[in-house]
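Peer 1: Just one file: data-v9.cif, with mmCIF, N, CA and C atoms.
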data_target
#
loop_
_atom_site.label_atom_id
_atom_site.label_comp_id
_atom_site.auth_asym_id
_atom_site.auth_seq_id
_atom_site.Cartn_x
_atom_site.Cartn_y
_atom_site.Cartn_z
N MET A 110 -14.72 -8.95 -10.52
CA MET A 110 -13.50 -8.54 -11.17
C MET A 110 -12.46 -9.64 -11.00
N ASP A 111 -11.78 -9.99 -12.08
CA ASP A 111 -10.78 -11.04 -11.95
C ASP A 111 -9.51 -10.50 -11.30
N ARG A 112 -8.64 -11.42 -10.91
CA ARG A 112 -7.44 -11.06 -10.15
C ARG A 112 -6.55 -10.07 -10.89
N ALA A 113 -6.31 -10.31 -12.17
CA ALA A 113 -5.42 -9.44 -12.95
C ALA A 113 -5.96 -8.01 -13.00
N ASP A 114 -7.25 -7.86 -13.23
CA ASP A 114 -7.85 -6.53 -13.28
C ASP A 114 -7.83 -5.86 -11.91
N ARG A 115 -8.06 -6.63 -10.90
CA ARG A 115 -8.04 -6.08 -9.53
C ARG A 115 -6.64 -5.57 -9.19
N LEU A 116 -5.62 -6.34 -9.54
CA LEU A 116 -4.24 -5.92 -9.28
C LEU A 116 -3.88 -4.67 -10.09
N LYS A 117 -4.33 -4.60 -11.35
CA LYS A 117 -4.08 -3.40 -12.16
C LYS A 117 -4.71 -2.17 -11.51
N ARG A 118 -5.92 -2.33 -11.05
CA ARG A 118 -6.63 -1.22 -10.40
C ARG A 118 -5.90 -0.79 -9.13
N LEU A 119 -5.47 -1.76 -8.33
CA LEU A 119 -4.74 -1.44 -7.11
C LEU A 119 -3.41 -0.76 -7.42
N ARG A 120 -2.71 -1.23 -8.43
CA ARG A 120 -1.44 -0.62 -8.80
C ARG A 120 -1.65 0.83 -9.20
N PHE A 121 -2.65 1.10 -10.02
CA PHE A 121 -2.93 2.47 -10.44
C PHE A 121 -3.21 3.35 -9.23
N ARG A 122 -4.07 2.87 -8.35
CA ARG A 122 -4.44 3.67 -7.18
C ARG A 122 -3.25 3.87 -6.24
N ALA A 123 -2.37 2.88 -6.16
CA ALA A 123 -1.19 2.99 -5.30
C ALA A 123 -0.19 4.01 -5.83
N TRP A 124 -0.09 4.12 -7.14
CA TRP A 124 0.90 5.01 -7.75
C TRP A 124 0.34 6.39 -8.11
N HIS A 125 -0.90 6.65 -7.87
CA HIS A 125 -1.51 7.95 -8.21
C HIS A 125 -2.18 8.53 -6.98
N ARG A 126 -1.36 8.85 -5.99
CA ARG A 126 -1.86 9.32 -4.70
C ARG A 126 -1.97 10.83 -4.62
N GLY A 127 -1.15 11.54 -5.38
CA GLY A 127 -1.23 13.00 -5.34
C GLY A 127 0.08 13.67 -4.98
N THR A 128 0.96 12.94 -4.30
CA THR A 128 2.30 13.48 -4.02
C THR A 128 3.33 12.42 -4.38
N LYS A 129 4.50 12.87 -4.78
CA LYS A 129 5.56 11.95 -5.16
C LYS A 129 5.95 11.05 -3.99
N GLU A 130 6.00 11.63 -2.79
CA GLU A 130 6.40 10.86 -1.61
C GLU A 130 5.42 9.72 -1.35
N ALA A 131 4.13 10.01 -1.43
CA ALA A 131 3.12 8.98 -1.20
C ALA A 131 3.15 7.95 -2.33
N ASP A 132 3.37 8.41 -3.56
CA ASP A 132 3.47 7.47 -4.67
C ASP A 132 4.62 6.49 -4.45
N LEU A 133 5.77 7.00 -4.06
CA LEU A 133 6.94 6.14 -3.84
C LEU A 133 6.69 5.16 -2.70
N LEU A 134 6.10 5.64 -1.63
CA LEU A 134 5.87 4.79 -0.46
C LEU A 134 4.79 3.74 -0.75
N ILE A 135 3.64 4.17 -1.17
CA ILE A 135 2.51 3.26 -1.34
C ILE A 135 2.64 2.44 -2.63
N GLY A 136 3.05 3.11 -3.71
CA GLY A 136 3.26 2.40 -4.97
C GLY A 136 4.41 1.41 -4.88
N GLY A 137 5.50 1.83 -4.22
CA GLY A 137 6.63 0.93 -4.04
C GLY A 137 6.26 -0.30 -3.23
N TYR A 138 5.46 -0.08 -2.21
CA TYR A 138 4.97 -1.20 -1.39
C TYR A 138 4.16 -2.17 -2.24
N PHE A 139 3.26 -1.62 -3.04
CA PHE A 139 2.46 -2.50 -3.90
C PHE A 139 3.34 -3.27 -4.87
N ASP A 140 4.28 -2.59 -5.53
CA ASP A 140 5.14 -3.26 -6.50
C ASP A 140 5.94 -4.39 -5.86
N ARG A 141 6.37 -4.19 -4.63
CA ARG A 141 7.19 -5.20 -3.96
C ARG A 141 6.37 -6.41 -3.52
N HIS A 142 5.12 -6.20 -3.10
CA HIS A 142 4.35 -7.27 -2.46
C HIS A 142 3.06 -7.67 -3.17
N GLY A 143 2.49 -6.80 -3.98
CA GLY A 143 1.14 -6.99 -4.48
C GLY A 143 0.87 -8.27 -5.24
N GLU A 144 1.80 -8.70 -6.07
CA GLU A 144 1.57 -9.90 -6.89
C GLU A 144 1.36 -11.16 -6.05
N SER A 145 1.88 -11.17 -4.83
CA SER A 145 1.78 -12.38 -4.00
C SER A 145 0.57 -12.37 -3.07
N TRP A 146 -0.21 -11.30 -3.06
CA TRP A 146 -1.32 -11.18 -2.13
C TRP A 146 -2.47 -12.10 -2.48
N ASP A 147 -3.12 -12.61 -1.44
CA ASP A 147 -4.37 -13.35 -1.62
C ASP A 147 -5.53 -12.35 -1.53
N ASP A 148 -6.74 -12.84 -1.62
CA ASP A 148 -7.91 -11.96 -1.63
C ASP A 148 -8.03 -11.13 -0.35
N ASP A 149 -7.74 -11.72 0.79
CA ASP A 149 -7.84 -10.98 2.05
C ASP A 149 -6.79 -9.87 2.12
N GLN A 150 -5.61 -10.14 1.63
CA GLN A 150 -4.56 -9.12 1.63
C GLN A 150 -4.89 -7.99 0.66
N MET A 151 -5.46 -8.33 -0.49
CA MET A 151 -5.88 -7.28 -1.42
C MET A 151 -6.97 -6.42 -0.80
N LEU A 152 -7.88 -7.05 -0.08
CA LEU A 152 -8.94 -6.30 0.59
C LEU A 152 -8.34 -5.36 1.63
N TRP A 153 -7.37 -5.82 2.40
CA TRP A 153 -6.68 -4.97 3.38
C TRP A 153 -6.09 -3.75 2.69
N PHE A 154 -5.42 -3.97 1.57
CA PHE A 154 -4.78 -2.87 0.85
C PHE A 154 -5.83 -1.92 0.26
N GLU A 155 -6.91 -2.47 -0.27
CA GLU A 155 -7.99 -1.62 -0.80
C GLU A 155 -8.53 -0.71 0.30
N GLU A 156 -8.70 -1.25 1.49
CA GLU A 156 -9.19 -0.44 2.60
C GLU A 156 -8.15 0.59 3.02
N LEU A 157 -6.87 0.20 3.03
CA LEU A 157 -5.82 1.14 3.36
C LEU A 157 -5.80 2.32 2.39
N LEU A 158 -6.05 2.06 1.13
CA LEU A 158 -6.04 3.12 0.12
C LEU A 158 -7.15 4.15 0.33
N GLN A 159 -8.13 3.83 1.14
CA GLN A 159 -9.19 4.79 1.45
C GLN A 159 -8.74 5.83 2.48
N GLU A 160 -7.62 5.55 3.13
CA GLU A 160 -7.11 6.45 4.17
C GLU A 160 -6.35 7.62 3.55
N GLN A 161 -6.16 8.65 4.35
CA GLN A 161 -5.41 9.82 3.91
C GLN A 161 -3.92 9.47 3.79
N ASP A 162 -3.27 10.01 2.78
CA ASP A 162 -1.85 9.74 2.57
C ASP A 162 -1.01 10.12 3.78
N VAL A 163 -1.32 11.24 4.40
CA VAL A 163 -0.52 11.67 5.56
C VAL A 163 -0.62 10.66 6.69
N ASP A 164 -1.77 10.03 6.85
CA ASP A 164 -1.93 9.01 7.88
C ASP A 164 -1.13 7.76 7.53
N ILE A 165 -1.25 7.30 6.28
CA ILE A 165 -0.52 6.11 5.86
C ILE A 165 0.98 6.33 6.02
N MET A 166 1.44 7.49 5.62
CA MET A 166 2.87 7.78 5.73
C MET A 166 3.31 7.83 7.19
N ALA A 167 2.49 8.41 8.05
CA ALA A 167 2.83 8.46 9.48
C ALA A 167 2.89 7.07 10.07
N TRP A 168 1.97 6.20 9.69
CA TRP A 168 1.99 4.82 10.19
C TRP A 168 3.23 4.10 9.69
N ALA A 169 3.60 4.35 8.42
CA ALA A 169 4.75 3.66 7.82
C ALA A 169 6.06 4.09 8.46
N ILE A 170 6.21 5.38 8.74
CA ILE A 170 7.50 5.85 9.30
C ILE A 170 7.52 5.85 10.81
N GLY A 171 6.39 5.54 11.42
CA GLY A 171 6.35 5.36 12.87
C GLY A 171 6.09 6.61 13.68
N THR A 172 5.64 7.69 13.05
CA THR A 172 5.32 8.89 13.82
C THR A 172 3.93 8.83 14.42
N ALA A 173 3.15 7.84 14.00
CA ALA A 173 1.82 7.58 14.57
C ALA A 173 1.58 6.07 14.51
N GLY A 174 0.85 5.58 15.47
CA GLY A 174 0.49 4.16 15.46
C GLY A 174 -0.71 3.92 14.57
N PRO A 175 -0.70 2.82 13.82
CA PRO A 175 -1.84 2.53 12.95
C PRO A 175 -3.05 2.07 13.77
N PRO A 176 -4.25 2.29 13.25
CA PRO A 176 -5.44 1.76 13.90
C PRO A 176 -5.37 0.23 13.98
N GLU A 177 -6.06 -0.32 14.91
CA GLU A 177 -6.05 -1.77 15.14
C GLU A 177 -6.32 -2.56 13.86
N ARG A 178 -7.25 -2.09 13.03
CA ARG A 178 -7.64 -2.84 11.84
C ARG A 178 -6.51 -2.99 10.82
N TYR A 179 -5.47 -2.16 10.93
CA TYR A 179 -4.35 -2.25 9.99
C TYR A 179 -3.11 -2.90 10.60
N ARG A 180 -3.14 -3.19 11.88
CA ARG A 180 -1.96 -3.80 12.51
C ARG A 180 -1.80 -5.24 12.05
N GLY A 181 -0.56 -5.65 11.95
CA GLY A 181 -0.28 -7.03 11.56
C GLY A 181 0.88 -7.10 10.59
N SER A 182 1.00 -8.22 9.92
CA SER A 182 2.17 -8.47 9.08
C SER A 182 2.26 -7.52 7.89
N MET A 183 1.14 -7.16 7.30
CA MET A 183 1.21 -6.25 6.15
C MET A 183 1.66 -4.86 6.57
N MET A 184 1.21 -4.40 7.72
CA MET A 184 1.66 -3.10 8.19
C MET A 184 3.16 -3.15 8.51
N ARG A 185 3.60 -4.25 9.10
CA ARG A 185 5.03 -4.38 9.39
C ARG A 185 5.86 -4.35 8.10
N GLU A 186 5.35 -4.95 7.03
CA GLU A 186 6.04 -4.90 5.74
C GLU A 186 6.06 -3.47 5.21
N LEU A 187 4.95 -2.76 5.36
CA LEU A 187 4.89 -1.35 4.94
C LEU A 187 5.90 -0.52 5.73
N GLN A 188 6.03 -0.79 7.00
CA GLN A 188 6.93 -0.04 7.88
C GLN A 188 8.40 -0.36 7.64
N ALA A 189 8.71 -1.46 6.96
CA ALA A 189 10.11 -1.81 6.70
C ALA A 189 10.78 -0.79 5.77
N LEU A 190 10.02 -0.18 4.90
CA LEU A 190 10.49 0.85 3.97
C LEU A 190 11.64 0.39 3.08
N ASN A 191 11.87 -0.89 2.97
CA ASN A 191 12.98 -1.40 2.16
C ASN A 191 12.60 -1.60 0.69
N TYR A 192 11.44 -1.16 0.30
CA TYR A 192 10.92 -1.34 -1.05
C TYR A 192 10.95 -0.05 -1.85
N ILE A 193 11.29 1.06 -1.22
CA ILE A 193 11.26 2.36 -1.91
C ILE A 193 12.51 2.51 -2.77
N LYS A 194 12.28 2.77 -4.04
CA LYS A 194 13.38 3.00 -4.98
C LYS A 194 13.15 4.37 -5.62
N HIS A 195 14.07 5.26 -5.38
CA HIS A 195 13.96 6.59 -5.97
C HIS A 195 14.46 6.53 -7.40
N PRO A 196 13.66 7.04 -8.35
CA PRO A 196 14.09 7.02 -9.75
C PRO A 196 15.33 7.89 -9.93
N GLU A 197 16.25 7.40 -10.71
CA GLU A 197 17.51 8.14 -10.91
C GLU A 197 17.41 9.09 -12.07
#
In structure tokens, what does this structure look like?
Peer 2:
Amino acid sequence: MDRADRLKRLRFRAWHRGTKEADLLIGGYFDRHGESWDDDQMLWFEELLQEQDVDIMAWAIGTAGPPERYRGSMMRELQALNYIKHPE
């Protein structure tokens, strides 16, 4: 799959999580950072998308610590929460 198609697929999956809160958190994160990701970062995000939304949200807001495999700079960016824009 080429890069453009992979990013489209990731964007769709990030914005169609099942709840508005998860869509805003995960989709907003993708919109803010996704275009700049390399292959390893896209793989990290693809793996993150396999997790339950409640877990991802807990890791992002700090009510639970993320598993070792997700710790690092991308998780810190997710935890910044400065990318969420509520539609007016």
Peer 1: Between A:Met166, A:Pro175, A:His142, A:Arg112, which one has atoms that come closest to Glu130 of chain A, using all atoms listed in the file?
Peer 2: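 With all atoms listed in the file as the atom set, the closest residue is A:Met166.
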Peer 1: If I wrap all listed atoms of segment 115-118 of chain A in a box with edges along x, y and z and add 3 Å on each side, what are its centre and edge lengths in Å to one decimal, as AutoDock Vina command-line options?
Peer 2:
--center_x -6.0 --center_y -3.7 --center_z -10.6 --size_x 10.2 --size_y 11.8 --size_z 9.0
Peer 1: Can you list, as a PyMOL selection string, all residues belonging to chain A that DSSP tags as alpha helix (DSSP H)?
Peer 2: chain A and resi 112-124+129-131+137-142+148-157+162-170+182-189
Peer 1: Kindly indicate which residue among A:Asp147, A:Asp162, A:Glu156, A:Asp140 lies nearest to Gly127 of chain A, using only C-alpha atoms for the distances.
Peer 2: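 Once distances to Gly127 of chain A are computed over only C-alpha atoms, the minimum belongs to A:Asp162.
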Peer 1: Pick from A:Arg141, A:Arg118, A:Arg126, A:Asp111: nearest to Asn191 of chain A, with only N, CA and C atoms counted?
Peer 2: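 Of all the options, A:Arg141 lies closest to Asn191 of chain A.
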Peer 1: If I take atom N of Val163 of chain A and atom C of Ala131 of chain A, how far is one from the other in Å, to one decimal?
Peer 2: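 Taking atom N of Val163 of chain A as the start and atom C of Ala131 of chain A as the end point, the length is 8.7 Å.
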Peer 1: Would you pick out the contacts of Gly136 of chain A at 7 Å or less, using only N, CA and C atoms, so that residues sharing its chain but fewer than 5 positions from it are not included, and give the list as a PyMOL selection string?
Peer 2: chain A and resi 120+122-125+131+141
Peer 1: Calculate how many Å separate atom CA of Leu152 of chain A from atom CA of Asp132 of chain A, rounding to one decimal.
Peer 2: 19.3 Å
Peer 1: Pick the closest to Glu144 of chain A from A:Gly174, A:Leu116, A:Tyr179, A:Leu187: which is it, counting only C-alpha atoms?
Peer 2: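 Answer, going by the shortest atom-to-atom distance: A:Leu116.
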Peer 1: Which residue, A:Met183, A:Ala189, A:Leu134, A:Leu119, has the smallest gap to Leu158 of chain A when you use only C-alpha atoms?
Peer 2: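 Closest residue, counting only C-alpha atoms: A:Leu119.
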Peer 1: Measure the distance from atom C of Tyr192 of chain A to atom CA of Gly137 of chain A in Å and round it to one decimal.
Peer 2: 4.9 Å
Peer 1: For Trp153 of chain A, which residue out of A:Ala113, A:Phe121, A:Phe139, A:Lys194 is the nearest one, using only C-alpha atoms?
Peer 2: A:Phe139
Peer 1: Can we get segment 164-196 of chain A of that structure written down with N, CA and C atoms, as an mmCIF file, in the first residue's frame?
Peer 2:
data_model
loop_
_atom_site.group_PDB
_atom_site.id
_atom_site.type_symbol
_atom_site.label_atom_id
_atom_site.label_comp_id
_atom_site.auth_asym_id
_atom_site.auth_seq_id
_atom_site.Cartn_x
_atom_site.Cartn_y
_atom_site.Cartn_z
ATOM 1 N N ASP A 164 -8.986 2.295 26.854
ATOM 2 C CA ASP A 164 -7.581 2.203 27.248
ATOM 3 C C ASP A 164 -6.780 3.360 26.664
ATOM 4 N N ILE A 165 -6.966 3.629 25.372
ATOM 5 C CA ILE A 165 -6.242 4.728 24.731
ATOM 6 C C ILE A 165 -6.564 6.045 25.429
ATOM 7 N N MET A 166 -7.825 6.255 25.722
ATOM 8 C CA MET A 166 -8.224 7.497 26.383
ATOM 9 C C MET A 166 -7.622 7.586 27.780
ATOM 10 N N ALA A 167 -7.595 6.487 28.507
ATOM 11 C CA ALA A 167 -6.999 6.488 29.849
ATOM 12 C C ALA A 167 -5.510 6.793 29.781
ATOM 13 N N TRP A 168 -4.817 6.240 28.802
ATOM 14 C CA TRP A 168 -3.390 6.526 28.646
ATOM 15 C C TRP A 168 -3.180 7.992 28.300
ATOM 16 N N ALA A 169 -4.062 8.539 27.446
ATOM 17 C CA ALA A 169 -3.913 9.926 27.000
ATOM 18 C C ALA A 169 -4.159 10.915 28.130
ATOM 19 N N ILE A 170 -5.157 10.652 28.966
ATOM 20 C CA ILE A 170 -5.474 11.622 30.033
ATOM 21 C C ILE A 170 -4.745 11.323 31.332
ATOM 22 N N GLY A 171 -4.025 10.216 31.362
ATOM 23 C CA GLY A 171 -3.170 9.924 32.506
ATOM 24 C C GLY A 171 -3.820 9.177 33.652
ATOM 25 N N THR A 172 -5.000 8.597 33.433
ATOM 26 C CA THR A 172 -5.617 7.812 34.497
ATOM 27 C C THR A 172 -5.080 6.391 34.549
ATOM 28 N N ALA A 173 -4.322 6.017 33.528
ATOM 29 C CA ALA A 173 -3.636 4.712 33.495
ATOM 30 C C ALA A 173 -2.332 4.900 32.722
ATOM 31 N N GLY A 174 -1.340 4.150 33.105
ATOM 32 C CA GLY A 174 -0.068 4.193 32.385
ATOM 33 C C GLY A 174 -0.125 3.316 31.151
ATOM 34 N N PRO A 175 0.467 3.771 30.053
ATOM 35 C CA PRO A 175 0.458 2.958 28.838
ATOM 36 C C PRO A 175 1.417 1.773 28.957
ATOM 37 N N PRO A 176 1.137 0.696 28.238
ATOM 38 C CA PRO A 176 2.087 -0.422 28.198
ATOM 39 C C PRO A 176 3.435 0.045 27.638
ATOM 40 N N GLU A 177 4.457 -0.655 27.982
ATOM 41 C CA GLU A 177 5.817 -0.303 27.565
ATOM 42 C C GLU A 177 5.920 -0.085 26.056
ATOM 43 N N ARG A 178 5.240 -0.907 25.265
ATOM 44 C CA ARG A 178 5.367 -0.824 23.808
ATOM 45 C C ARG A 178 4.848 0.492 23.235
ATOM 46 N N TYR A 179 4.043 1.228 23.998
ATOM 47 C CA TYR A 179 3.509 2.502 23.513
ATOM 48 C C TYR A 179 4.191 3.713 24.134
ATOM 49 N N ARG A 180 5.070 3.498 25.089
ATOM 50 C CA ARG A 180 5.735 4.637 25.731
ATOM 51 C C ARG A 180 6.738 5.271 24.778
ATOM 52 N N GLY A 181 6.873 6.566 24.904
ATOM 53 C CA GLY A 181 7.834 7.285 24.070
ATOM 54 C C GLY A 181 7.262 8.595 23.578
ATOM 55 N N SER A 182 7.898 9.145 22.567
ATOM 56 C CA SER A 182 7.545 10.486 22.106
ATOM 57 C C SER A 182 6.131 10.568 21.529
ATOM 58 N N MET A 183 5.691 9.543 20.835
ATOM 59 C CA MET A 183 4.347 9.602 20.264
ATOM 60 C C MET A 183 3.275 9.565 21.353
ATOM 61 N N MET A 184 3.500 8.782 22.385
ATOM 62 C CA MET A 184 2.534 8.760 23.479
ATOM 63 C C MET A 184 2.534 10.109 24.193
ATOM 64 N N ARG A 185 3.705 10.703 24.361
ATOM 65 C CA ARG A 185 3.760 12.024 24.997
ATOM 66 C C ARG A 185 2.995 13.060 24.168
ATOM 67 N N GLU A 186 3.073 12.965 22.852
ATOM 68 C CA GLU A 186 2.302 13.866 21.987
ATOM 69 C C GLU A 186 0.808 13.616 22.151
ATOM 70 N N LEU A 187 0.422 12.351 22.241
ATOM 71 C CA LEU A 187 -0.987 12.009 22.463
ATOM 72 C C LEU A 187 -1.461 12.571 23.801
ATOM 73 N N GLN A 188 -0.633 12.499 24.807
ATOM 74 C CA GLN A 188 -0.990 12.955 26.147
ATOM 75 C C GLN A 188 -1.028 14.480 26.263
ATOM 76 N N ALA A 189 -0.453 15.203 25.317
ATOM 77 C CA ALA A 189 -0.467 16.669 25.375
ATOM 78 C C ALA A 189 -1.888 17.219 25.232
ATOM 79 N N LEU A 190 -2.734 16.520 24.515
ATOM 80 C CA LEU A 190 -4.140 16.885 24.310
ATOM 81 C C LEU A 190 -4.333 18.273 23.708
ATOM 82 N N ASN A 191 -3.305 18.861 23.143
ATOM 83 C CA ASN A 191 -3.410 20.205 22.582
ATOM 84 C C ASN A 191 -3.898 20.208 21.133
ATOM 85 N N TYR A 192 -4.298 19.084 20.627
ATOM 86 C CA TYR A 192 -4.728 18.928 19.246
ATOM 87 C C TYR A 192 -6.232 18.774 19.119
ATOM 88 N N ILE A 193 -6.942 18.670 20.229
ATOM 89 C CA ILE A 193 -8.386 18.434 20.187
ATOM 90 C C ILE A 193 -9.112 19.752 19.907
ATOM 91 N N LYS A 194 -9.916 19.732 18.866
ATOM 92 C CA LYS A 194 -10.724 20.897 18.505
ATOM 93 C C LYS A 194 -12.184 20.452 18.478
ATOM 94 N N HIS A 195 -12.959 21.029 19.337
ATOM 95 C CA HIS A 195 -14.384 20.692 19.373
ATOM 96 C C HIS A 195 -15.092 21.472 18.277
ATOM 97 N N PRO A 196 -15.878 20.783 17.447
ATOM 98 C CA PRO A 196 -16.598 21.485 16.375
ATOM 99 C C PRO A 196 -17.606 22.463 16.977
#
